[in-house]
2 protein chains.
Amino acid sequence: MKNKVEKEWEKEFDYFNKRITPCRRAIMEIFEEEERHLSAEEVYMLLRERGEKVGIATVYRNLDLLSQMGLLHRVNFGDGREHYEMTRVSPPQHHHHLVCTRCGKVIDYSELVREEHEFLDRLERELSSKYDFLIQSHQIYFYGLCESCRSNFES
Amino acid sequence: MKNKVEKEWEKEFDYFNKRITPCRRAIMEIFEEEERHLSAEEVYMLLRERGEKVGIATVYRNLDLLSQMGLLHRVNFGDGREHYEMTRVSPPQHHHHLVCTRCGKVIDYSELVREEHEFLDRLERELSSKYDFLIQSHQIYFYGLCESCRSNFES
DNA sequence: ATGATATTGATAATCGTTATCAAAATATTG
DNA sequence: CAATATTTTGATAACGATTATCAATATCAT
Ligand SMILES: [Mn+2]
Ligand SMILES: [Mn+2]
Ligand SMILES: [Zn+2]
Ligand SMILES: [Zn+2]
């Protein structure tokens, strides 16, 4: 009886007619374990640490695929490379980002999600009708200076 | 009497101890005329059309400088290159962006700025104190499908 | 003018990402 | 199972945006 516990995301592969390859599974597991934003290069390194032998091109390909499937979120913090993070549905982990423009530090926040939802709902309705635009997702970025960058501020 | 009308942004160069070179002036004028998002390459082309002979490296350098000075906004629509737009203060033109994930089209919107301001003020206060983070700016992106991409949707 | 400093242009280098294409893995068919 | 079709992969070349280098030029302060 191979009653394997199916992970949430496994059914998505069926839906998209994609195979759950060792590489893809490993990438998903990495994002489940590491709870942070990872670049393609970082994912590649973590895969090798696990003993998975994969090419960097495949990592890029699969990060792309997983993003299109909605299993990962692609985020851009302005440092010249893309980062990815897991799309968590249970528990929901809707959040946005504070980005320090000096040191690049990124902080996740999920304050006022209720109010955000309220505001964005209204806004989305407004924009959808006015611009005939189907809104599927949104991202909010705050830019500024983190605590340590402010204290080390001499110039 | 050379009572030249000083532009709003000219004093910023004083403040930052930077010189108003022909290249920098031309770039600012381009952004004043073209009311759109321009990539470095596009700015470079427009400069050459004007007869300004400048190197592409100088364009990159100055777009960077002008952004740091706050005269330009740097925006990223996920197409692999940075774009810039003028920071307009009078009249204030605070706005955000709708990005079509299929064709890349970008729409400026400034709906519900009042409500946005209200909400973001609260949020900023919350975040500033909780994370000891000095917030200086923010950007909101909506991703989805534009009208024409939705109608041409067959697959 | 003289010397110090800032800016520029040409071009090489860097670096993240994508394209290519043959080999390997996996699914489908008979 | 065997034969065939399809998907996925790895190695590596190519690409494209951006940055670094460095000598030449322009501008500033004395
Ligand atoms: Mn995050
Ligand atoms: Mn805009
Ligand atoms: Zn910082
Ligand atoms: Zn579109």
# chains A, B, ... in the order shown; residues from 1 in each chain; ligands from 1

$ closest_atom_pairs --of "chain A" --to "ligand 3" --cutoff "10 Å" --atoms "only C-alpha atoms and all ligand atoms" --output "CSV"
residue,atom,partner,partner_atom_place_in_ligand_line,distance
A:Val99,CA,ligand 3,1 (Zn),8.0
A:Cys100,CA,ligand 3,1 (Zn),4.6
A:Thr101,CA,ligand 3,1 (Zn),6.6
A:Arg102,CA,ligand 3,1 (Zn),5.1
A:Cys103,CA,ligand 3,1 (Zn),4.0
A:Gly104,CA,ligand 3,1 (Zn),5.9
A:Lys105,CA,ligand 3,1 (Zn),5.4
A:Val106,CA,ligand 3,1 (Zn),8.4
A:Gly144,CA,ligand 3,1 (Zn),8.2
A:Leu145,CA,ligand 3,1 (Zn),5.4
A:Cys146,CA,ligand 3,1 (Zn),4.2
A:Glu147,CA,ligand 3,1 (Zn),6.7
A:Ser148,CA,ligand 3,1 (Zn),6.0
A:Cys149,CA,ligand 3,1 (Zn),4.3
A:Arg150,CA,ligand 3,1 (Zn),7.4
A:Ser151,CA,ligand 3,1 (Zn),9.6
A:Asn152,CA,ligand 3,1 (Zn),9.3

$ select_by_dssp --residues "segment 47-136 of chain B" --states "strand (DSSP E)" --output "number ranges by chain"
B: 72-76, 82-86, 96-100, 106-109, 134-136

$ write_last_selection --atoms "C-alpha atoms" --output "PDB file, in the first residue's frame"
ATOM      1  CA  LEU B  72      13.599  60.257 -12.258  1.00  0.00           C
ATOM      2  CA  HIS B  73      11.785  57.175 -11.086  1.00  0.00           C
ATOM      3  CA  ARG B  74      13.203  53.800 -11.901  1.00  0.00           C
ATOM      4  CA  VAL B  75      10.525  51.216 -12.635  1.00  0.00           C
ATOM      5  CA  ASN B  76      10.751  47.543 -13.454  1.00  0.00           C
ATOM      6  CA  GLU B  82      14.940  49.072 -16.351  1.00  0.00           C
ATOM      7  CA  HIS B  83      12.683  51.908 -17.341  1.00  0.00           C
ATOM      8  CA  TYR B  84      12.638  55.489 -16.178  1.00  0.00           C
ATOM      9  CA  GLU B  85      10.029  58.192 -15.973  1.00  0.00           C
ATOM     10  CA  MET B  86      10.069  61.773 -14.827  1.00  0.00           C
ATOM     11  CA  HIS B  96       1.153  53.267 -10.229  1.00  0.00           C
ATOM     12  CA  HIS B  97       1.116  50.627 -12.917  1.00  0.00           C
ATOM     13  CA  LEU B  98      -0.948  47.926 -14.538  1.00  0.00           C
ATOM     14  CA  VAL B  99       1.269  45.444 -16.348  1.00  0.00           C
ATOM     15  CA  CYS B 100      -0.042  42.974 -18.914  1.00  0.00           C
ATOM     16  CA  VAL B 106       1.914  49.136 -19.157  1.00  0.00           C
ATOM     17  CA  ILE B 107      -0.883  51.445 -18.082  1.00  0.00           C
ATOM     18  CA  ASP B 108      -0.395  54.321 -15.671  1.00  0.00           C
ATOM     19  CA  TYR B 109      -3.233  54.804 -13.255  1.00  0.00           C
ATOM     20  CA  LEU B 134      12.508  54.519   7.278  1.00  0.00           C
ATOM     21  CA  ILE B 135      10.140  54.362   4.333  1.00  0.00           C
ATOM     22  CA  GLN B 136      10.971  56.761   1.522  1.00  0.00           C
TER      23      GLN B 136
END

$ interface_residues --of "chain B" --to "chain C" --cutoff "10 Å" --atoms "only C-alpha atoms (C1' of nucleotides)" --output "list in words"
Lys18, Arg19, Thr21, Cys23, Lys53, Val54, Gly55, Ile56, Ala57, Thr58 and Gly80 of chain B

$ interface_residues --of "chain D" --to "chain A" --cutoff "10 Å" --atoms "only C-alpha atoms (C1' of nucleotides)" --output "list in words"
DT7, DT8, DT9, DG10, DA11, DA17 and DT18 of chain D

$ write_last_selection --atoms "N, CA and C atoms (P, O5', C5', C4', C3', O3' and C1' of nucleotides)" --output "PDB file, in the first residue's frame"
ATOM      1  P    DT D   7       4.913  16.657 -25.459  1.00  0.00           P
ATOM      2  O5'  DT D   7       5.935  16.425 -24.252  1.00  0.00           O
ATOM      3  C5'  DT D   7       5.582  15.508 -23.211  1.00  0.00           C
ATOM      4  C4'  DT D   7       6.704  15.443 -22.196  1.00  0.00           C
ATOM      5  C3'  DT D   7       7.195  16.803 -21.712  1.00  0.00           C
ATOM      6  O3'  DT D   7       7.238  16.726 -20.295  1.00  0.00           O
ATOM      7  C1'  DT D   7       9.022  15.508 -22.475  1.00  0.00           C
ATOM      8  P    DT D   8       7.628  17.976 -19.398  1.00  0.00           P
ATOM      9  O5'  DT D   8       9.195  17.730 -19.129  1.00  0.00           O
ATOM     10  C5'  DT D   8       9.575  16.551 -18.455  1.00  0.00           C
ATOM     11  C4'  DT D   8      11.080  16.441 -18.436  1.00  0.00           C
ATOM     12  C3'  DT D   8      11.800  17.701 -17.942  1.00  0.00           C
ATOM     13  O3'  DT D   8      12.479  17.357 -16.747  1.00  0.00           O
ATOM     14  C1'  DT D   8      12.841  16.785 -19.884  1.00  0.00           C
ATOM     15  P    DT D   9      13.358  18.415 -15.973  1.00  0.00           P
ATOM     16  O5'  DT D   9      14.805  18.099 -16.561  1.00  0.00           O
ATOM     17  C5'  DT D   9      15.313  16.771 -16.484  1.00  0.00           C
ATOM     18  C4'  DT D   9      16.630  16.675 -17.222  1.00  0.00           C
ATOM     19  C3'  DT D   9      17.638  17.746 -16.814  1.00  0.00           C
ATOM     20  O3'  DT D   9      18.705  17.120 -16.128  1.00  0.00           O
ATOM     21  C1'  DT D   9      17.521  17.468 -19.199  1.00  0.00           C
ATOM     22  P    DG D  10      19.778  17.957 -15.346  1.00  0.00           P
ATOM     23  O5'  DG D  10      20.932  18.045 -16.421  1.00  0.00           O
ATOM     24  C5'  DG D  10      21.503  16.851 -16.914  1.00  0.00           C
ATOM     25  C4'  DG D  10      22.670  17.187 -17.817  1.00  0.00           C
ATOM     26  C3'  DG D  10      23.623  18.249 -17.280  1.00  0.00           C
ATOM     27  O3'  DG D  10      24.939  17.850 -17.644  1.00  0.00           O
ATOM     28  C1'  DG D  10      22.673  18.995 -19.340  1.00  0.00           C
ATOM     29  P    DA D  11      26.212  18.569 -17.092  1.00  0.00           P
ATOM     30  O5'  DA D  11      26.840  19.185 -18.422  1.00  0.00           O
ATOM     31  C5'  DA D  11      26.967  18.350 -19.564  1.00  0.00           C
ATOM     32  C4'  DA D  11      27.408  19.176 -20.752  1.00  0.00           C
ATOM     33  C3'  DA D  11      28.386  20.311 -20.425  1.00  0.00           C
ATOM     34  O3'  DA D  11      29.435  20.295 -21.378  1.00  0.00           O
ATOM     35  C1'  DA D  11      26.476  21.179 -21.526  1.00  0.00           C
ATOM     36  P    DA D  17      18.781  44.580 -24.371  1.00  0.00           P
ATOM     37  O5'  DA D  17      19.025  45.097 -22.892  1.00  0.00           O
ATOM     38  C5'  DA D  17      18.430  44.400 -21.805  1.00  0.00           C
ATOM     39  C4'  DA D  17      19.273  44.605 -20.579  1.00  0.00           C
ATOM     40  C3'  DA D  17      19.588  46.064 -20.267  1.00  0.00           C
ATOM     41  O3'  DA D  17      19.260  46.316 -18.915  1.00  0.00           O
ATOM     42  C1'  DA D  17      21.582  44.774 -20.310  1.00  0.00           C
ATOM     43  P    DT D  18      19.357  47.782 -18.311  1.00  0.00           P
ATOM     44  O5'  DT D  18      20.794  47.773 -17.626  1.00  0.00           O
ATOM     45  C5'  DT D  18      21.053  46.779 -16.643  1.00  0.00           C
ATOM     46  C4'  DT D  18      22.523  46.740 -16.334  1.00  0.00           C
ATOM     47  C3'  DT D  18      23.118  48.067 -15.857  1.00  0.00           C
ATOM     48  O3'  DT D  18      23.489  47.894 -14.504  1.00  0.00           O
ATOM     49  C1'  DT D  18      24.559  46.909 -17.353  1.00  0.00           C
TER      50       DT D  18
END

$ residues_around --residues "Leu127 of chain A" --least-positions-apart "3" --cutoff "10 Å" --atoms "only C-alpha atoms (C1' of nucleotides)" --output "ChimeraX atom specification"
/A:121-124,130-135 /B:98,109-112,142

$ atom_distance --atom1 "atom CA of Ile20 of chain B" --atom2 "atom C1' of DA23 of chain D"
22.8 Å

$ select_by_dssp --residues "chain B" --states "helix (DSSP H, G or I)" --output "VMD selection string"
chain B and resid 10 to 15 22 to 33 40 to 49 56 to 68 113 to 131 147 to 151

$ atom_distance --atom1 "atom CA of Leu38 of chain B" --atom2 "atom CA of Val59 of chain B"
11.8 Å

$ closest_residue --among "A:Arg25, A:His95, A:Arg81, A:Arg88" --to "Glu42 of chain A" --atoms "only C-alpha atoms"
A:Arg81

$ atom_distance --atom1 "atom CA of Leu120 of chain A" --atom2 "atom CA of His138 of chain A"
9.0 Å

$ decode --residues "segment 51-62 of chain B" --atoms "all heavy atoms" --output "PDB file, in the first residue's frame"
ATOM      1  N   GLY B  51      20.669  65.065 -32.096  1.00  0.00           N
ATOM      2  CA  GLY B  51      21.983  65.536 -32.516  1.00  0.00           C
ATOM      3  C   GLY B  51      22.998  65.552 -31.387  1.00  0.00           C
ATOM      4  O   GLY B  51      24.158  65.892 -31.598  1.00  0.00           O
ATOM      5  N   GLU B  52      22.566  65.181 -30.190  1.00  0.00           N
ATOM      6  CA  GLU B  52      23.519  65.085 -29.085  1.00  0.00           C
ATOM      7  C   GLU B  52      24.391  63.854 -29.304  1.00  0.00           C
ATOM      8  O   GLU B  52      23.877  62.761 -29.475  1.00  0.00           O
ATOM      9  CB  GLU B  52      22.785  64.927 -27.752  1.00  0.00           C
ATOM     10  CG  GLU B  52      21.873  66.061 -27.383  1.00  0.00           C
ATOM     11  CD  GLU B  52      22.632  67.234 -26.794  1.00  0.00           C
ATOM     12  OE1 GLU B  52      23.790  67.036 -26.376  1.00  0.00           O
ATOM     13  OE2 GLU B  52      22.066  68.343 -26.783  1.00  0.00           O
ATOM     14  N   LYS B  53      25.689  64.070 -29.283  1.00  0.00           N
ATOM     15  CA  LYS B  53      26.546  62.897 -29.441  1.00  0.00           C
ATOM     16  C   LYS B  53      27.045  62.474 -28.050  1.00  0.00           C
ATOM     17  O   LYS B  53      27.841  63.144 -27.407  1.00  0.00           O
ATOM     18  CB  LYS B  53      27.689  63.179 -30.410  1.00  0.00           C
ATOM     19  CG  LYS B  53      28.985  63.640 -29.795  1.00  0.00           C
ATOM     20  CD  LYS B  53      30.123  63.684 -30.791  1.00  0.00           C
ATOM     21  CE  LYS B  53      31.471  63.741 -30.053  1.00  0.00           C
ATOM     22  NZ  LYS B  53      31.383  64.188 -28.660  1.00  0.00           N
ATOM     23  N   VAL B  54      26.465  61.392 -27.576  1.00  0.00           N
ATOM     24  CA  VAL B  54      26.834  60.886 -26.253  1.00  0.00           C
ATOM     25  C   VAL B  54      27.044  59.387 -26.317  1.00  0.00           C
ATOM     26  O   VAL B  54      26.498  58.704 -27.180  1.00  0.00           O
ATOM     27  CB  VAL B  54      25.729  61.174 -25.216  1.00  0.00           C
ATOM     28  CG1 VAL B  54      25.662  62.650 -24.882  1.00  0.00           C
ATOM     29  CG2 VAL B  54      24.385  60.678 -25.711  1.00  0.00           C
ATOM     30  N   GLY B  55      27.857  58.901 -25.420  1.00  0.00           N
ATOM     31  CA  GLY B  55      28.085  57.473 -25.338  1.00  0.00           C
ATOM     32  C   GLY B  55      27.011  56.801 -24.496  1.00  0.00           C
ATOM     33  O   GLY B  55      26.434  57.420 -23.601  1.00  0.00           O
ATOM     34  N   ILE B  56      26.768  55.556 -24.799  1.00  0.00           N
ATOM     35  CA  ILE B  56      25.714  54.841 -24.076  1.00  0.00           C
ATOM     36  C   ILE B  56      26.055  54.720 -22.596  1.00  0.00           C
ATOM     37  O   ILE B  56      25.165  54.748 -21.730  1.00  0.00           O
ATOM     38  CB  ILE B  56      25.476  53.454 -24.700  1.00  0.00           C
ATOM     39  CG1 ILE B  56      24.306  52.725 -24.034  1.00  0.00           C
ATOM     40  CG2 ILE B  56      26.739  52.602 -24.633  1.00  0.00           C
ATOM     41  CD1 ILE B  56      22.954  53.292 -24.390  1.00  0.00           C
ATOM     42  N   ALA B  57      27.335  54.608 -22.290  1.00  0.00           N
ATOM     43  CA  ALA B  57      27.735  54.481 -20.883  1.00  0.00           C
ATOM     44  C   ALA B  57      27.337  55.720 -20.091  1.00  0.00           C
ATOM     45  O   ALA B  57      26.894  55.625 -18.949  1.00  0.00           O
ATOM     46  CB  ALA B  57      29.239  54.256 -20.786  1.00  0.00           C
ATOM     47  N   THR B  58      27.490  56.872 -20.718  1.00  0.00           N
ATOM     48  CA  THR B  58      27.117  58.115 -20.054  1.00  0.00           C
ATOM     49  C   THR B  58      25.609  58.175 -19.815  1.00  0.00           C
ATOM     50  O   THR B  58      25.152  58.699 -18.795  1.00  0.00           O
ATOM     51  CB  THR B  58      27.566  59.317 -20.893  1.00  0.00           C
ATOM     52  OG1 THR B  58      28.979  59.231 -21.071  1.00  0.00           O
ATOM     53  CG2 THR B  58      27.238  60.618 -20.205  1.00  0.00           C
ATOM     54  N   VAL B  59      24.860  57.617 -20.742  1.00  0.00           N
ATOM     55  CA  VAL B  59      23.412  57.581 -20.554  1.00  0.00           C
ATOM     56  C   VAL B  59      23.078  56.758 -19.316  1.00  0.00           C
ATOM     57  O   VAL B  59      22.326  57.190 -18.440  1.00  0.00           O
ATOM     58  CB  VAL B  59      22.711  56.998 -21.798  1.00  0.00           C
ATOM     59  CG1 VAL B  59      21.225  56.849 -21.543  1.00  0.00           C
ATOM     60  CG2 VAL B  59      22.961  57.887 -23.004  1.00  0.00           C
ATOM     61  N   TYR B  60      23.651  55.561 -19.236  1.00  0.00           N
ATOM     62  CA  TYR B  60      23.414  54.721 -18.058  1.00  0.00           C
ATOM     63  C   TYR B  60      23.811  55.447 -16.781  1.00  0.00           C
ATOM     64  O   TYR B  60      23.070  55.479 -15.799  1.00  0.00           O
ATOM     65  CB  TYR B  60      24.199  53.410 -18.169  1.00  0.00           C
ATOM     66  CG  TYR B  60      23.472  52.346 -18.952  1.00  0.00           C
ATOM     67  CD1 TYR B  60      23.808  52.071 -20.273  1.00  0.00           C
ATOM     68  CD2 TYR B  60      22.440  51.608 -18.383  1.00  0.00           C
ATOM     69  CE1 TYR B  60      23.141  51.093 -20.998  1.00  0.00           C
ATOM     70  CE2 TYR B  60      21.773  50.635 -19.096  1.00  0.00           C
ATOM     71  CZ  TYR B  60      22.125  50.376 -20.402  1.00  0.00           C
ATOM     72  OH  TYR B  60      21.466  49.418 -21.110  1.00  0.00           O
ATOM     73  N   ARG B  61      25.005  56.023 -16.817  1.00  0.00           N
ATOM     74  CA  ARG B  61      25.490  56.740 -15.632  1.00  0.00           C
ATOM     75  C   ARG B  61      24.520  57.832 -15.203  1.00  0.00           C
ATOM     76  O   ARG B  61      24.192  57.977 -14.015  1.00  0.00           O
ATOM     77  CB  ARG B  61      26.855  57.357 -15.935  1.00  0.00           C
ATOM     78  CG  ARG B  61      28.027  56.465 -15.610  1.00  0.00           C
ATOM     79  CD  ARG B  61      29.328  57.234 -15.726  1.00  0.00           C
ATOM     80  NE  ARG B  61      29.545  57.733 -17.080  1.00  0.00           N
ATOM     81  CZ  ARG B  61      30.550  57.362 -17.871  1.00  0.00           C
ATOM     82  NH1 ARG B  61      31.440  56.488 -17.441  1.00  0.00           N
ATOM     83  NH2 ARG B  61      30.687  57.848 -19.082  1.00  0.00           N
ATOM     84  N   ASN B  62      24.050  58.608 -16.166  1.00  0.00           N
ATOM     85  CA  ASN B  62      23.217  59.743 -15.809  1.00  0.00           C
ATOM     86  C   ASN B  62      21.800  59.335 -15.427  1.00  0.00           C
ATOM     87  O   ASN B  62      21.184  59.959 -14.562  1.00  0.00           O
ATOM     88  CB  ASN B  62      23.218  60.764 -16.941  1.00  0.00           C
ATOM     89  CG  ASN B  62      24.504  61.558 -16.943  1.00  0.00           C
ATOM     90  OD1 ASN B  62      25.129  61.733 -15.906  1.00  0.00           O
ATOM     91  ND2 ASN B  62      24.906  62.036 -18.118  1.00  0.00           N
TER      92      ASN B  62
END
